[in-house]
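Asker: This is the content of data-v5.csv (CSV, C-alpha atoms and all ligand atoms):
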chain,number,residue,atom,x,y,z
F,229,MET,CA,-3.2,27.3,-17.9
F,230,SER,CA,-0.4,25.5,-19.7
F,231,LYS,CA,0.9,22.2,-18.4
F,232,LYS,CA,4.3,23.8,-17.7
F,233,SER,CA,2.8,26.5,-15.4
F,234,ASN,CA,0.6,23.8,-13.7
F,235,ASP,CA,3.8,21.8,-13.0
F,236,THR,CA,5.6,24.8,-11.6
F,237,LEU,CA,2.6,25.5,-9.3
F,238,ASP,CA,2.6,21.9,-8.2
F,239,GLN,CA,6.3,22.1,-7.4
F,240,ARG,CA,5.7,25.1,-5.2
F,241,ARG,CA,2.9,23.5,-3.2
F,242,THR,CA,3.9,22.0,0.1
F,243,LYS,CA,3.9,18.2,-0.1
F,244,VAL,CA,1.7,16.6,2.5
F,245,LEU,CA,1.2,12.9,3.1
F,246,LEU,CA,-2.1,12.3,5.0
F,247,ILE,CA,-2.8,8.9,6.6
F,248,GLY,CA,-6.4,7.9,6.9
F,249,GLY,CA,-9.2,9.3,4.7
F,250,GLY,CA,-12.2,8.9,7.0
F,251,GLY,CA,-14.4,11.5,8.5
F,252,VAL,CA,-11.7,13.9,9.7
F,253,GLY,CA,-8.9,13.1,7.3
F,254,THR,CA,-10.9,13.7,4.1
F,255,ILE,CA,-12.1,17.1,5.3
F,256,ALA,CA,-8.5,17.9,6.3
F,257,ALA,CA,-7.3,16.9,2.8
F,258,LEU,CA,-10.1,19.0,1.2
F,259,ASN,CA,-9.1,22.1,3.2
F,260,LEU,CA,-5.4,21.7,2.4
F,261,GLU,CA,-6.1,21.2,-1.4
F,262,ARG,CA,-8.7,24.0,-1.6
F,263,GLY,CA,-6.3,26.5,-0.2
F,264,GLY,CA,-4.0,25.8,-3.2
F,265,LEU,CA,-0.8,25.9,-1.1
F,266,ALA,CA,-0.5,22.2,-0.5
F,267,SER,CA,-0.7,19.0,-2.5
F,268,VAL,CA,-2.0,16.0,-0.6
F,269,THR,CA,-1.3,12.4,-1.1
F,270,VAL,CA,-3.8,10.4,1.0
F,271,VAL,CA,-3.0,6.9,2.2
F,272,LEU,CA,-6.2,4.8,2.3
F,273,ARG,CA,-7.0,1.3,3.6
F,274,SER,CA,-10.5,-0.2,3.5
F,275,ASN,CA,-11.9,2.6,1.3
F,276,TYR,CA,-9.0,2.6,-1.2
F,277,ASP,CA,-10.7,0.7,-4.1
F,278,THR,CA,-13.9,2.7,-3.8
F,279,VAL,CA,-12.2,6.1,-3.7
F,280,LYS,CA,-9.6,5.2,-6.4
F,281,GLU,CA,-12.5,4.4,-8.7
F,282,HIS,CA,-15.1,7.0,-7.8
F,283,GLY,CA,-13.4,9.6,-5.7
F,284,PHE,CA,-15.1,10.9,-2.5
F,285,ASN,CA,-18.7,11.9,-2.2
F,286,ILE,CA,-18.8,14.6,0.5
F,287,GLU,CA,-21.8,16.3,2.1
F,288,SER,CA,-20.2,19.1,4.1
F,289,CYS,CA,-21.6,21.9,6.3
F,290,ASP,CA,-18.5,23.9,5.3
F,291,HIS,CA,-17.9,22.9,1.7
F,292,GLY,CA,-21.3,21.9,0.3
F,293,SER,CA,-22.0,18.7,-1.7
F,294,LEU,CA,-19.1,17.3,-3.8
F,295,THR,CA,-19.3,14.3,-6.0
F,296,GLY,CA,-16.2,12.3,-7.0
F,297,TRP,CA,-13.8,14.7,-5.2
F,298,ARG,CA,-10.1,13.6,-5.4
F,299,PRO,CA,-7.0,14.9,-3.7
F,300,THR,CA,-3.8,15.1,-5.7
F,301,GLU,CA,-3.2,11.4,-5.2
F,302,VAL,CA,-4.6,8.4,-3.3
F,303,VAL,CA,-2.4,5.4,-2.5
F,304,ASP,CA,-2.9,2.2,-0.7
F,305,ARG,CA,0.4,2.1,1.2
F,306,VAL,CA,2.8,4.6,2.8
F,307,PRO,CA,5.4,5.7,0.2
F,308,ILE,CA,9.1,5.1,1.0
F,309,ALA,CA,10.9,8.4,1.4
F,310,GLY,CA,13.6,8.8,-1.2
F,311,GLU,CA,12.0,6.7,-3.9
F,312,GLY,CA,11.0,9.8,-5.9
F,313,GLN,CA,8.7,10.8,-3.0
F,314,TRP,CA,9.4,13.3,-0.2
F,315,PHE,CA,6.8,14.9,2.1
F,316,GLU,CA,7.4,17.9,4.2
F,317,TYR,CA,4.4,17.1,6.5
F,318,ILE,CA,2.9,13.8,7.4
F,319,VAL,CA,-0.7,14.3,8.8
F,320,CYS,CA,-2.0,11.4,10.8
F,321,ALA,CA,-5.9,11.3,10.8
F,322,THR,CA,-6.4,7.6,11.7
F,323,LYS,CA,-8.0,6.5,15.0
F,324,ASN,CA,-5.3,6.1,17.7
F,325,VAL,CA,-5.7,2.5,18.9
F,326,VAL,CA,-2.6,2.0,20.9
F,327,ASP,CA,-3.6,-1.4,22.2
F,328,VAL,CA,-3.9,-3.0,18.8
F,329,PRO,CA,-0.9,-3.4,16.5
F,330,PRO,CA,0.6,-2.3,14.2
F,331,SER,CA,1.6,1.0,15.8
F,332,LEU,CA,1.0,4.2,13.9
F,333,THR,CA,4.7,5.0,14.3
F,334,SER,CA,5.7,1.8,12.5
F,335,ILE,CA,3.1,2.6,9.8
F,336,ILE,CA,4.5,6.0,8.9
F,337,ALA,CA,8.1,5.1,9.5
F,338,PRO,CA,9.0,4.4,5.8
F,339,ALA,CA,8.0,8.0,4.8
F,340,VAL,CA,9.7,9.8,7.7
F,341,THR,CA,13.0,11.6,7.1
F,342,PRO,CA,14.9,13.7,9.7
F,343,SER,CA,13.2,16.9,8.5
F,344,THR,CA,9.6,15.5,8.3
F,345,VAL,CA,7.1,17.4,10.4
F,346,ILE,CA,4.5,15.0,11.9
F,347,VAL,CA,1.1,16.4,12.6
F,348,LEU,CA,-1.4,14.4,14.8
F,349,VAL,CA,-4.9,15.5,14.0
F,350,GLN,CA,-6.3,13.1,16.6
F,351,ASN,CA,-8.1,13.2,19.9
F,352,GLY,CA,-6.7,12.3,23.2
F,353,LEU,CA,-3.9,12.7,25.7
F,354,ASN,CA,-0.3,11.7,25.4
F,355,ILE,CA,-0.7,10.7,21.8
F,356,GLU,CA,2.7,12.3,21.0
F,357,LYS,CA,4.7,10.1,23.3
F,358,PRO,CA,5.3,7.2,21.0
F,359,PHE,CA,6.2,9.6,18.2
F,360,LEU,CA,8.8,11.5,20.2
F,361,SER,CA,10.3,8.2,21.2
F,362,ALA,CA,10.3,6.7,17.7
F,363,PHE,CA,11.4,9.9,15.9
F,364,PRO,CA,13.5,11.8,18.6
F,365,SER,CA,14.8,14.5,16.2
F,366,ASN,CA,11.5,15.3,14.4
F,367,MET,CA,8.9,18.0,15.1
F,368,VAL,CA,5.6,16.6,16.3
F,369,LEU,CA,2.6,18.9,16.1
F,370,SER,CA,-0.9,18.7,17.7
F,371,GLY,CA,-4.1,19.3,15.7
F,372,VAL,CA,-7.2,19.3,17.9
F,373,SER,CA,-10.2,19.2,15.6
F,374,PHE,CA,-13.7,20.3,16.8
F,375,MET,CA,-15.5,19.1,13.6
F,376,GLY,CA,-18.2,16.4,13.6
F,377,SER,CA,-17.7,14.2,10.5
F,378,SER,CA,-18.0,10.5,9.7
F,379,GLU,CA,-17.8,8.0,6.9
F,380,PRO,CA,-21.0,6.0,7.0
F,381,GLN,CA,-20.1,4.1,3.8
F,382,HIS,CA,-16.7,3.8,2.0
F,383,GLY,CA,-15.9,7.0,0.3
F,384,HIS,CA,-19.0,8.9,1.6
F,385,ILE,CA,-18.2,11.6,4.0
F,386,LYS,CA,-20.9,13.2,6.2
F,387,HIS,CA,-19.6,16.4,7.7
F,388,ASP,CA,-22.2,17.9,10.0
F,389,PHE,CA,-20.5,20.1,12.5
F,390,ASN,CA,-18.2,23.0,11.4
F,391,ASP,CA,-14.4,22.4,11.2
F,392,ILE,CA,-12.4,24.3,13.8
F,393,LEU,CA,-8.7,23.1,14.1
F,394,VAL,CA,-6.3,24.3,16.8
F,395,VAL,CA,-2.7,23.6,15.9
F,396,GLY,CA,0.4,23.9,18.2
F,397,ALA,CA,3.6,22.0,18.8
F,398,PHE,CA,4.2,19.2,21.3
F,399,HIS,CA,7.5,20.4,22.5
F,400,ASN,CA,10.4,18.1,21.6
F,401,PRO,CA,13.3,19.0,23.9
F,402,SER,CA,15.8,18.3,21.1
F,403,VAL,CA,14.2,20.8,18.7
F,404,ASP,CA,14.2,24.6,18.7
F,405,ALA,CA,10.9,25.9,20.0
F,406,VAL,CA,10.9,28.8,17.5
F,407,ALA,CA,11.2,26.3,14.6
F,408,GLU,CA,8.3,24.3,16.1
F,409,GLU,CA,6.1,27.4,16.3
F,410,HIS,CA,7.1,28.3,12.7
F,411,ALA,CA,6.1,24.8,11.5
F,412,ALA,CA,2.8,24.9,13.4
F,413,ARG,CA,1.9,28.4,12.0
F,414,ARG,CA,2.7,27.1,8.5
F,415,VAL,CA,0.1,24.3,9.0
F,416,VAL,CA,-2.4,27.0,10.1
F,417,GLU,CA,-1.6,28.9,6.9
F,418,LEU,CA,-1.9,25.8,4.6
F,419,TYR,CA,-5.1,24.5,6.3
F,420,GLY,CA,-6.9,27.9,6.5
F,421,ALA,CA,-6.0,29.1,3.0
F,422,GLY,CA,-9.2,27.8,1.5
F,423,GLY,CA,-11.2,30.1,3.8
F,424,ARG,CA,-13.8,27.4,4.7
F,425,THR,CA,-12.5,26.6,8.1
F,426,LYS,CA,-11.4,28.3,11.3
F,427,CYS,CA,-7.8,27.1,11.9
F,428,THR,CA,-5.8,28.8,14.6
F,429,TYR,CA,-2.5,28.5,16.4
F,430,SER,CA,-2.2,27.9,20.1
F,431,ALA,CA,1.0,27.4,22.0
F,432,ASP,CA,-0.9,25.9,24.9
F,433,VAL,CA,-1.4,22.4,23.5
F,434,GLY,CA,-2.0,20.8,27.0
F,435,TRP,CA,-4.9,23.2,27.8
F,436,THR,CA,-6.4,22.7,24.3
F,437,ARG,CA,-6.2,18.9,24.7
F,438,TRP,CA,-7.7,18.8,28.2
F,439,ARG,CA,-10.5,21.2,27.0
F,440,LYS,CA,-11.4,18.8,24.2
F,441,LEU,CA,-11.3,15.9,26.7
F,442,ILE,CA,-14.4,17.4,28.3
F,443,TYR,CA,-16.2,15.9,25.2
F,444,ASN,CA,-14.0,13.0,24.3
F,445,ALA,CA,-13.4,11.4,27.7
F,446,CYS,CA,-17.0,11.8,28.7
F,447,LEU,CA,-19.5,12.0,25.8
F,448,ASN,CA,-17.6,9.7,23.5
F,449,PRO,CA,-17.6,6.7,25.9
F,450,ILE,CA,-21.1,7.4,27.3
F,451,CYS,CA,-22.6,7.6,23.8
F,452,ALA,CA,-20.6,4.6,22.7
F,453,ILE,CA,-21.6,2.4,25.6
F,454,THR,CA,-25.3,3.4,25.5
F,455,GLY,CA,-25.6,3.6,21.7
F,456,LEU,CA,-27.1,7.1,21.9
F,457,ASP,CA,-25.9,10.1,19.9
F,458,THR,CA,-25.2,13.6,21.3
F,459,GLY,CA,-28.9,14.6,20.9
F,460,ARG,CA,-30.5,11.4,22.3
F,461,ILE,CA,-28.2,11.3,25.3
F,462,ARG,CA,-29.6,14.7,26.3
F,463,LEU,CA,-33.2,13.6,25.9
F,464,ALA,CA,-32.6,10.3,27.8
F,465,ASP,CA,-33.8,10.4,31.4
F,466,GLY,CA,-31.2,11.2,34.0
F,467,VAL,CA,-28.0,10.6,31.9
F,468,ILE,CA,-26.7,14.2,31.7
F,469,ASP,CA,-27.0,15.0,35.4
F,470,GLY,CA,-26.3,11.5,36.6
F,471,LEU,CA,-23.4,10.6,34.3
F,472,VAL,CA,-22.2,13.2,31.8
F,473,ARG,CA,-21.8,16.1,34.1
F,474,PRO,CA,-20.1,14.1,36.9
F,475,ALA,CA,-17.7,12.7,34.3
F,476,MET,CA,-17.0,16.2,33.0
F,477,ASP,CA,-16.4,17.5,36.5
F,478,GLU,CA,-13.8,14.7,37.1
F,479,ILE,CA,-12.0,15.7,33.9
F,480,ARG,CA,-12.0,19.3,34.9
F,481,ALA,CA,-10.5,18.4,38.3
F,482,ALA,CA,-7.8,16.3,36.7
F,483,ALA,CA,-7.1,19.1,34.2
F,484,ARG,CA,-6.7,21.5,37.1
F,485,ALA,CA,-4.4,19.1,39.0
F,486,SER,CA,-2.3,18.9,35.8
F,487,GLY,CA,-2.0,22.7,35.7
F,488,HIS,CA,-4.8,23.4,33.1
F,489,GLU,CA,-7.6,25.5,34.5
F,490,LEU,CA,-10.8,25.1,32.5
F,491,PRO,CA,-13.6,27.6,32.8
F,492,ASP,CA,-16.4,26.9,35.4
F,493,ASP,CA,-19.0,26.6,32.7
F,494,ILE,CA,-17.0,24.2,30.6
F,495,THR,CA,-19.5,21.4,31.3
F,496,ASP,CA,-22.2,23.5,29.4
F,497,THR,CA,-20.3,22.6,26.2
F,498,ILE,CA,-22.8,19.7,26.0
F,499,THR,CA,-25.1,22.3,24.5
F,500,LYS,CA,-22.6,23.5,21.9
F,501,ILE,CA,-23.6,20.7,19.5
F,502,PRO,CA,-27.3,21.4,18.6
F,503,LEU,CA,-29.5,18.7,20.1
F,504,ASP,CA,-31.4,18.0,16.9
F,505,MET,CA,-28.2,17.4,15.0
F,506,TYR,CA,-28.1,13.9,16.6
F,507,LEU,CA,-24.4,13.7,16.0
F,508,PRO,CA,-22.7,10.4,16.7
F,509,PRO,CA,-19.4,11.0,18.5
F,510,SER,CA,-16.5,9.2,16.7
F,511,MET,CA,-16.4,6.5,19.4
F,512,LEU,CA,-20.0,5.6,18.8
F,513,THR,CA,-19.4,5.4,15.1
F,514,ASP,CA,-16.5,3.0,15.9
F,515,VAL,CA,-18.7,0.7,18.0
F,516,ARG,CA,-21.5,0.8,15.4
F,517,LYS,CA,-18.9,-0.4,12.8
F,518,ASN,CA,-17.4,-3.0,15.1
F,519,ASN,CA,-14.1,-1.0,14.9
F,520,PHE,CA,-11.7,-0.8,17.8
F,521,THR,CA,-12.0,2.4,19.9
F,522,GLU,CA,-9.5,4.9,21.1
F,523,PHE,CA,-10.4,4.4,24.7
F,524,GLU,CA,-6.9,4.3,26.0
F,525,ASN,CA,-6.0,7.9,24.8
F,526,LEU,CA,-9.4,9.4,25.3
F,527,LEU,CA,-10.2,7.9,28.7
F,528,GLY,CA,-7.3,5.8,30.0
F,529,GLU,CA,-4.6,8.4,29.8
F,530,PRO,CA,-6.6,11.3,31.5
F,531,LEU,CA,-7.8,8.8,34.1
F,532,ARG,CA,-4.3,7.7,34.9
F,533,ALA,CA,-3.0,11.3,34.9
F,534,GLY,CA,-5.7,12.5,37.3
F,535,GLN,CA,-5.4,9.5,39.6
F,536,ALA,CA,-1.6,9.9,39.8
F,537,LEU,CA,-2.3,13.4,41.1
F,538,GLY,CA,-4.7,12.2,43.7
F,539,VAL,CA,-8.0,13.2,41.9
F,540,PRO,CA,-10.9,10.9,42.7
F,541,MET,CA,-12.4,9.8,39.3
F,542,PRO,CA,-15.0,7.1,40.1
F,543,THR,CA,-17.2,7.8,37.1
F,544,LEU,CA,-14.3,7.8,34.6
F,545,GLN,CA,-13.0,4.6,36.2
F,546,VAL,CA,-16.3,2.7,35.5
F,547,LEU,CA,-16.5,4.1,32.0
F,548,TYR,CA,-12.9,3.0,31.4
F,549,HIS,CA,-13.5,-0.6,32.4
F,550,LEU,CA,-16.7,-0.7,30.3
F,551,CYS,CA,-14.8,0.5,27.3
F,552,GLN,CA,-12.1,-2.1,28.1
F,553,ALA,CA,-14.8,-4.8,28.0
F,554,ILE,CA,-16.1,-3.6,24.6
F,555,GLN,CA,-12.6,-3.6,23.2
F,556,TRP,CA,-12.0,-7.1,24.4
F,557,ARG,CA,-15.3,-8.2,22.9
F,558,ASN,CA,-14.2,-6.9,19.6
F,559,LYS,CA,-10.8,-8.5,19.9
F,560,GLU,CA,-12.5,-11.8,20.5
F,561,ALA,CA,-14.8,-11.3,17.6
F,562,LYS,CA,-11.7,-10.6,15.4
F,563,GLY,CA,-9.9,-13.7,16.7
F,564,MET,CA,-7.2,-11.7,18.5
F,565,VAL,CA,-7.8,-13.4,21.9
F,566,LYS,CA,-8.1,-17.1,22.6
F,567,ILE,CA,-10.6,-18.2,25.3
F,568,PRO,CA,-10.9,-21.6,27.0
F,569,ALA,CA,-13.4,-23.9,25.2
F,570,LYS,CA,-16.9,-24.0,26.6
F,571,ARG,CA,-17.5,-27.0,28.9
F,572,THR,CA,-20.9,-28.5,29.8
F,573,TYR,CA,-21.5,-28.9,33.5
F,574,THR,CA,-24.1,-31.6,34.0
F,575,ASP,CA,-24.5,-34.2,36.8
C,1,LIG,N1,-15.1,12.1,13.6
C,1,LIG,C1,-15.1,13.2,14.2
C,1,LIG,O1,-16.1,14.0,14.2
C,1,LIG,C2,-13.9,13.7,15.0
C,1,LIG,C3,-12.8,12.8,15.1
C,1,LIG,N2,-11.7,13.3,15.8
C,1,LIG,C4,-10.5,12.5,15.9
C,1,LIG,O2,-9.9,12.4,14.6
C,1,LIG,C5,-9.2,11.2,14.4
C,1,LIG,C6,-9.8,10.5,13.2
C,1,LIG,O3,-11.1,10.2,13.4
C,1,LIG,P1,-12.2,9.8,12.3
C,1,LIG,O4,-11.9,10.6,11.0
C,1,LIG,O5,-13.5,9.9,12.9
C,1,LIG,O6,-11.8,8.3,12.0
C,1,LIG,P2,-12.4,7.4,10.9
C,1,LIG,O7,-12.6,6.0,11.5
C,1,LIG,O8,-13.6,8.0,10.2
C,1,LIG,O9,-11.3,7.4,9.8
C,1,LIG,C7,-10.0,6.9,10.0
C,1,LIG,C8,-9.5,6.4,8.7
C,1,LIG,O10,-8.1,6.0,8.9
C,1,LIG,C9,-8.0,4.8,8.2
C,1,LIG,N3,-6.8,4.1,8.6
C,1,LIG,C10,-6.5,3.5,9.7
C,1,LIG,N4,-5.3,2.9,9.7
C,1,LIG,C11,-4.8,3.1,8.5
C,1,LIG,C12,-3.6,2.8,7.8
C,1,LIG,N5,-2.7,2.0,8.4
C,1,LIG,N6,-3.4,3.2,6.6
C,1,LIG,C13,-4.4,3.9,5.9
C,1,LIG,N7,-5.5,4.3,6.5
C,1,LIG,C14,-5.8,3.9,7.7
C,1,LIG,C15,-9.2,4.0,8.4
C,1,LIG,O11,-9.4,3.0,7.5
C,1,LIG,P3,-10.2,1.6,7.8
C,1,LIG,O12,-11.6,1.9,7.4
C,1,LIG,O13,-9.5,0.6,7.0
C,1,LIG,O14,-10.0,1.4,9.3
C,1,LIG,C16,-10.3,5.1,8.2
C,1,LIG,O15,-10.6,5.3,6.9
C,1,LIG,C17,-9.4,10.4,15.7
C,1,LIG,O16,-8.4,10.5,16.6
C,1,LIG,C18,-10.7,11.0,16.3
C,1,LIG,O17,-10.8,10.9,17.7
C,1,LIG,C19,-11.6,14.6,16.2
C,1,LIG,C20,-12.7,15.4,16.1
C,1,LIG,C21,-13.9,15.0,15.6
C,2,LIG,C1,-17.5,15.2,20.2
C,2,LIG,C2,-16.9,15.4,18.9
C,2,LIG,C3,-17.9,15.2,17.8
C,2,LIG,C4,-16.6,16.9,18.8
C,2,LIG,O1,-15.8,17.3,17.7
C,2,LIG,C5,-15.6,14.6,18.7
C,2,LIG,O2,-14.6,15.1,18.9
C,2,LIG,C6,-15.7,13.2,18.3
C,2,LIG,O3,-16.6,12.8,17.7
C,2,LIG,O4,-14.7,12.5,18.6
Please render this file's structure as structure tokens.

Answerer:
Amino acid sequence: MSKKSNDTLDQRRTKVLLIGGGGVGTIAALNLERGGLASVTVVLRSNYDTVKEHGFNIESCDHGSLTGWRPTEVVDRVPIAGEGQWFEYIVCATKNVVDVPPSLTSIIAPAVTPSTVIVLVQNGLNIEKPFLSAFPSNMVLSGVSFMGSSEPQHGHIKHDFNDILVVGAFHNPSVDAVAEEHAARRVVELYGAGGRTKCTYSADVGWTRWRKLIYNACLNPICAITGLDTGRIRLADGVIDGLVRPAMDEIRAAARASGHELPDDITDTITKIPLDMYLPPSMLTDVRKNNFTEFENLLGEPLRAGQALGVPMPTLQVLYHLCQAIQWRNKEAKGMVKIPAKRTYTD
């Protein structure tokens, strides 16, 4: 194909800026590029030098093995809108660590224009709130991903559990709901065009997020605290019946109190990930890498929502405080909190 027709095709492709090329972000970029309808600029941080030089090496249950794969562009900072760059969609695929600055809203701000559609492919509850406050006239979409994928080394992506993405709009009262649905359905089209993933639209973002919390508020912290993956946690004596199912029952009760009825057998989703896949939930991967965890949106927000509605959540409460302690430990290790000097108490 001539350069001219390539350039014309490029101009027709929807321009997407994707923040965070880790486990989920890289597979999302791959889906968007492979469909041919989008061109993706990926903003990288710690893996920038490696990926800029060598591309991504990807072992994927959906895409096979790829060596040196590159999206349209990789950059090491968020481009400023208007300086020759303009993106229709900004996809956020970083971890959501709201208790550690800088905020994600301040990170993406330079690229946001009044018409930018922001897509949050991230776990957790109430993640849209800072975005709707910071960008009150923009559309903010929800992407709930069910894949299992991680980046064990810079630029190496291990994608073990099939990609399913459910997209819908977090309703912004100052935006037309029909336009929001249209923007969400367009993401489904762009993301699914490559045919290697199951990407669907759902208007019921609240239900979809509570359903995913059955995993993320329960298995993620329990695996992160114990150091066990989703296979070993099932083999370990007593943990499923003593800890995982009670935590899941509390999330189900909080979901019901919030108006989202999850099926009776939802706690059996523990068995949806094959035991012998030994998949590390993303929060366990974070603890293993000494990264901060998303415990506030995965655990704190559903806990506060349930308790505000009078739901007893003793298991979740303990898990929350354990995760709080792990986060503090990490903040101390990174010099973000100061503690009094150790004194010697001798007679
Ligand atoms: N992993 C999984 O299987 C699943 C994860 N999710 C959710 O998807 C989201 C992403 O998770 P996951 O892919 O696992 O996370 P990863 O930690 O694998 O990747 C996040 C990436 O974002 C990068 N990043 C963070 N801040 C910035 C920044 N300011 N600029 C550029 N890059 C940045 C990180 O870089 P750095 O290395 O420098 O920190 C890292 O490469 C989370 O909300 C998670 O809960 C949902 C379903 C499954
Ligand atoms: C539990 C799992 C793997 C399901 O997709 C997940 O969401 C995560 O790792 O955060």

Asker: Against ligand LIG 1 (chain C), which residues of chain F fall within 8 Å? For each one I want the closest pair of atoms and the distance in Å (one decimal), counting all atoms listed in the file, rows by chain and increasing residue number, as a Markdown table.

Answerer:
| residue | atom | partner | partner_atom | distance |
| --- | --- | --- | --- | --- |
| F:Ile247 | CA | C:LIG1 | C13 | 5.3 |
| F:Gly248 | CA | C:LIG1 | O10 | 3.2 |
| F:Gly249 | CA | C:LIG1 | O15 | 4.8 |
| F:Gly250 | CA | C:LIG1 | O9 | 3.3 |
| F:Gly251 | CA | C:LIG1 | O4 | 3.6 |
| F:Val252 | CA | C:LIG1 | O4 | 3.6 |
| F:Gly253 | CA | C:LIG1 | O4 | 5.4 |
| F:Thr254 | CA | C:LIG1 | O4 | 7.6 |
| F:Val271 | CA | C:LIG1 | C13 | 5.0 |
| F:Leu272 | CA | C:LIG1 | C13 | 4.1 |
| F:Arg273 | CA | C:LIG1 | O13 | 4.3 |
| F:Ser274 | CA | C:LIG1 | O13 | 3.7 |
| F:Asn275 | CA | C:LIG1 | O12 | 6.1 |
| F:Asp304 | CA | C:LIG1 | C13 | 7.0 |
| F:Arg305 | CA | C:LIG1 | N6 | 6.7 |
| F:Val306 | CA | C:LIG1 | N6 | 7.4 |
| F:Ala321 | CA | C:LIG1 | C6 | 4.6 |
| F:Thr322 | CA | C:LIG1 | O10 | 3.6 |
| F:Lys323 | CA | C:LIG1 | C17 | 4.2 |
| F:Asn324 | CA | C:LIG1 | O16 | 5.5 |
| F:Pro330 | CA | C:LIG1 | N5 | 7.9 |
| F:Leu332 | CA | C:LIG1 | N5 | 7.0 |
| F:Ile335 | CA | C:LIG1 | N5 | 6.0 |
| F:Val349 | CA | C:LIG1 | O2 | 5.9 |
| F:Gln350 | CA | C:LIG1 | O16 | 3.3 |
| F:Asn351 | CA | C:LIG1 | O17 | 4.2 |
| F:Gly352 | CA | C:LIG1 | O17 | 7.0 |
| F:Val372 | CA | C:LIG1 | C19 | 6.7 |
| F:Ser373 | CA | C:LIG1 | C20 | 4.6 |
| F:Phe374 | CA | C:LIG1 | C20 | 5.0 |
| F:Met375 | CA | C:LIG1 | C21 | 4.8 |
| F:Gly376 | CA | C:LIG1 | O1 | 3.2 |
| F:Ser377 | CA | C:LIG1 | O1 | 4.0 |
| F:Ser378 | CA | C:LIG1 | O8 | 5.1 |
| F:Glu379 | CA | C:LIG1 | O8 | 5.3 |
| F:His382 | CA | C:LIG1 | O12 | 7.7 |
| F:His387 | CA | C:LIG1 | O1 | 7.8 |
| F:Phe389 | CA | C:LIG1 | O1 | 7.7 |
| F:Asn444 | CA | C:LIG1 | O17 | 7.6 |
| F:Pro508 | CA | C:LIG1 | O1 | 7.9 |
| F:Pro509 | CA | C:LIG1 | O1 | 6.2 |
| F:Ser510 | CA | C:LIG1 | N1 | 4.5 |
| F:Met511 | CA | C:LIG1 | O17 | 7.3 |
| F:Thr513 | CA | C:LIG1 | O7 | 7.7 |
| F:Asp514 | CA | C:LIG1 | O7 | 6.6 |
| F:Asn519 | CA | C:LIG1 | O14 | 7.3 |
| F:Glu522 | CA | C:LIG1 | O17 | 7.0 |
| F:Leu526 | CA | C:LIG1 | O17 | 7.9 |

Asker: Tell me, in Å to one decimal, how far atom CA of F:Asn525 is from atom CA of F:Glu489.

Answerer: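 So the answer is 20.2 Å.
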
Asker: For F:Lys562, find every residue with an atom within 12 Å (counting all atoms listed in the file), except residues of its own chain fewer than 3 positions away, and show them as a compact mmCIF listing (two decimals) with C-alpha atoms, in the coordinates of the input.

Answerer:
# COMPACT_ATOMS: atom_id res chain seq x y z
CA VAL F 328 -3.90 -3.00 18.80
CA ASN F 518 -17.40 -3.00 15.10
CA ASN F 519 -14.10 -1.00 14.90
CA PHE F 520 -11.70 -0.80 17.80
CA GLN F 555 -12.60 -3.60 23.20
CA TRP F 556 -12.00 -7.10 24.40
CA ARG F 557 -15.30 -8.20 22.90
CA ASN F 558 -14.20 -6.90 19.60
CA LYS F 559 -10.80 -8.50 19.90
CA VAL F 565 -7.80 -13.40 21.90
CA LYS F 566 -8.10 -17.10 22.60

Asker: Which residue gives the smallest distance to ligand LIG 2 (chain C) among F:His410, F:Arg241, F:Arg480, F:Arg437, with only C-alpha atoms and all ligand atoms counted?

Answerer: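 Looking only at the distances to ligand LIG 2 (chain C), the closest residue turns out to be F:Arg437.
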
Asker: Can you work out the spacing between atom CA of F:Ser334 and atom CA of F:Met367 in Å, to one decimal?

Answerer: 16.7 Å

Asker: Excluding F:Ile286 and its own-chain neighbours fewer than 2 positions away, which residues fall within 6 Å of it when counting all atoms listed in the file? Please give them as a list in words.

Answerer: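 So the residues in contact are Ser288, Ser293, Leu294, His384 and Ile385 of chain F.
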
Asker: From the options F:Ala445, F:Val302, F:Val319, F:Ile336, which residue's atoms come nearest to ligand LIG 2 (chain C), counting only C-alpha atoms and all ligand atoms?

Answerer: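 When distances to ligand LIG 2 (chain C) are compared using only C-alpha atoms and all ligand atoms, the smallest one comes from F:Ala445.
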
Asker: Taking all atoms listed in the file into account, which of F:Val279, F:Val415, F:Ile450, F:Val326 comes nearest ligand LIG 2 (chain C)?

Answerer: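 Answer, going by the shortest atom-to-atom distance: F:Ile450.
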
Asker: Name all residues at most 12 Å from F:Asn259 (count all atoms listed in the file; drop same-chain ones fewer than 2 positions away) and give them as a PyMOL selection string.

Answerer: chain F and resi 252-257+261-268+288+290-291+299+391-393+415-427

Asker: In terms of the shortest atom-to-atom distance over all atoms listed in the file, which of F:Gly487, F:Leu353, F:Ile442, F:Ile498 is closest to F:Arg532?

Answerer: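 For F:Arg532, the nearest of the candidates is F:Leu353.
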